[in-house]
Amino acid sequence: MTRTPIAVLISGTGSNLAALLRASAEPSCPFVVVGVIADRDASGLEHARSAGIPTEVIRLADHADRAAWDRALAASVTRLEPQLVVLAGFMKLVGPPLLDAFGGRIVNTHPALLPSFPGAHGVRDALAHGVKVSGATVIEVDAGVDTGRILAQVPVEVRAEDTEHDLHERIKAAEQPLLVEVVRGLTAGRQDGPAATL
Ligand code: GAR
């Protein structure tokens, strides 16, 4: 079976990447991770390295400016020839070059129930607001900050004693199968077709 190639972008520990890799190890999985790109020396890259998957680090500091970094990121993703790009804890906004090349084929997972608490501190912001339920959201990426079309959500109860770390760990546990499910759904049956549109 030919499987749909996906590229995964990370910045952190890569638990969502690991969940995608575990899923893709099953013979019936419709997708295969063809490369992992990080914007820093993310510890999560180790999941890809130990699975023999190509990795690359594209640091903002190594580029003349943000626009040059955006072009380098888009060029590297394009070289992997993915049908779908998955932002799995990628902590930078993607710029016009990547959106132009893969518009409608980029998904992001976020640790809150969007449209509430977008941005880099979704878990902290939800706790600070005193919500009793938070969760995770998988969206189609557009040019805004977590404003894209919602593809799937899962609720997670907030406990009175929760620290940001505790709540984030429980959200990650719920978010990983959600992300895998969305990626499965978007890649199933698309192996031989034209570029996937969400
Ligand atoms: C995930 O919870 C993801 O939703 C979040 O970063 C975490 C990465 O965890 N992303 C954002 O906050 C994006 N705004 P991981 O590195 O263990 O997969």
# chains A, B, ... in the order shown; residues from 1 in each chain; ligands from 1
call {"tool": "residues_near_ligand", "arguments": {"ligand": "ligand 1", "cutoff": "7 Å", "atoms": "only C-alpha atoms and all ligand atoms", "output": "MDAnalysis selection string"}}
result
chainID A and resid 10:17 44 88:91 109:111 118:122 136 168 171:172
call {"tool": "write_last_selection", "arguments": {"atoms": "C-alpha atoms", "output": "compact mmCIF listing (two decimals), in the first residue's frame"}}
result
# COMPACT_ATOMS: atom_id res chain seq x y z
CA ILE A 10 7.81 20.50 16.36
CA SER A 11 9.44 22.71 18.98
CA GLY A 12 9.16 20.62 22.16
CA THR A 13 9.16 17.17 23.66
CA GLY A 14 7.32 15.67 20.70
CA SER A 15 4.75 13.54 22.49
CA ASN A 16 2.28 14.23 19.68
CA LEU A 17 4.95 13.34 17.13
CA GLY A 44 11.28 15.53 20.48
CA ALA A 88 2.62 19.24 16.56
CA GLY A 89 3.74 21.70 19.20
CA PHE A 90 5.44 24.01 16.69
CA MET A 91 5.71 27.26 18.61
CA THR A 109 -2.97 21.03 17.47
CA HIS A 110 -3.62 23.45 20.30
CA PRO A 111 -3.96 22.75 24.07
CA PRO A 118 -5.31 30.95 21.44
CA GLY A 119 -1.58 31.62 21.31
CA ALA A 120 1.50 30.27 23.02
CA HIS A 121 0.08 29.84 26.55
CA GLY A 122 -3.27 28.16 26.06
CA ALA A 136 -7.45 20.31 22.85
CA HIS A 168 -1.12 20.16 30.18
CA ILE A 171 -4.56 17.55 27.80
CA LYS A 172 -1.66 15.96 25.92
call {"tool": "select_by_dssp", "arguments": {"residues": "stretch 103-170 of chain A", "states": "strand (DSSP E or B)", "output": "PyMOL selection string"}}
result
chain A and resi 106-110+133-140+150-157
call {"tool": "write_last_selection", "arguments": {"atoms": "N, CA, C and O atoms", "output": "compact mmCIF listing (two decimals), in the first residue's frame"}}
result
# COMPACT_ATOMS: atom_id res chain seq x y z
N ILE A 106 -2.36 22.24 5.98
CA ILE A 106 -1.58 22.34 7.22
C ILE A 106 -2.55 22.27 8.38
O ILE A 106 -3.56 22.99 8.41
N VAL A 107 -2.26 21.38 9.34
CA VAL A 107 -3.09 21.32 10.54
C VAL A 107 -2.23 21.59 11.77
O VAL A 107 -1.02 21.37 11.77
N ASN A 108 -2.87 22.08 12.82
CA ASN A 108 -2.19 22.43 14.06
C ASN A 108 -2.99 21.88 15.23
O ASN A 108 -4.22 21.89 15.20
N THR A 109 -2.27 21.42 16.24
CA THR A 109 -2.97 21.03 17.47
C THR A 109 -2.67 22.04 18.55
O THR A 109 -1.54 22.53 18.68
N HIS A 110 -3.72 22.38 19.31
CA HIS A 110 -3.62 23.45 20.30
C HIS A 110 -4.19 22.97 21.63
O HIS A 110 -5.26 22.35 21.67
N VAL A 133 -13.55 23.41 32.40
CA VAL A 133 -13.27 22.44 31.34
C VAL A 133 -12.37 23.12 30.32
O VAL A 133 -12.63 24.25 29.91
N SER A 134 -11.30 22.44 29.96
CA SER A 134 -10.49 22.91 28.83
C SER A 134 -10.37 21.75 27.85
O SER A 134 -11.31 20.95 27.75
N GLY A 135 -9.26 21.63 27.14
CA GLY A 135 -9.17 20.52 26.20
C GLY A 135 -8.16 20.79 25.12
O GLY A 135 -7.22 21.57 25.30
N ALA A 136 -8.34 20.13 23.99
CA ALA A 136 -7.45 20.31 22.85
C ALA A 136 -8.29 20.49 21.59
O ALA A 136 -9.42 19.99 21.51
N THR A 137 -7.69 21.21 20.64
CA THR A 137 -8.37 21.50 19.38
C THR A 137 -7.40 21.27 18.23
O THR A 137 -6.25 21.71 18.30
N VAL A 138 -7.87 20.60 17.19
CA VAL A 138 -7.07 20.48 15.97
C VAL A 138 -7.74 21.36 14.92
O VAL A 138 -8.95 21.26 14.69
N ILE A 139 -6.93 22.25 14.34
CA ILE A 139 -7.48 23.20 13.37
C ILE A 139 -6.73 23.12 12.04
O ILE A 139 -5.60 22.65 11.98
N GLU A 140 -7.39 23.63 11.01
CA GLU A 140 -6.73 23.89 9.74
C GLU A 140 -6.03 25.24 9.90
O GLU A 140 -6.63 26.20 10.38
N ILE A 150 -12.04 24.74 12.74
CA ILE A 150 -11.90 23.68 13.74
C ILE A 150 -12.25 22.34 13.11
O ILE A 150 -13.33 22.16 12.54
N LEU A 151 -11.30 21.39 13.23
CA LEU A 151 -11.50 20.06 12.66
C LEU A 151 -11.96 19.05 13.72
O LEU A 151 -12.70 18.13 13.40
N ALA A 152 -11.47 19.22 14.96
CA ALA A 152 -11.84 18.27 16.03
C ALA A 152 -11.48 18.88 17.37
O ALA A 152 -10.55 19.68 17.47
N GLN A 153 -12.22 18.46 18.39
CA GLN A 153 -11.93 18.93 19.75
C GLN A 153 -12.19 17.81 20.74
O GLN A 153 -13.01 16.93 20.50
N VAL A 154 -11.47 17.88 21.88
CA VAL A 154 -11.72 16.96 22.97
C VAL A 154 -11.72 17.76 24.28
O VAL A 154 -10.83 18.58 24.49
N PRO A 155 -12.72 17.55 25.14
CA PRO A 155 -12.73 18.27 26.42
C PRO A 155 -11.87 17.55 27.47
O PRO A 155 -11.75 16.32 27.44
N VAL A 156 -11.31 18.32 28.37
CA VAL A 156 -10.55 17.77 29.51
C VAL A 156 -10.96 18.56 30.74
O VAL A 156 -10.94 19.80 30.73
N GLU A 157 -11.33 17.85 31.79
CA GLU A 157 -11.78 18.49 33.04
C GLU A 157 -10.59 19.19 33.72
O GLU A 157 -9.48 18.66 33.76
call {"tool": "atom_distance", "arguments": {"atom1": "atom CA of A:Ala173", "atom2": "atom CA of A:Arg22"}}
result
14.1 Å
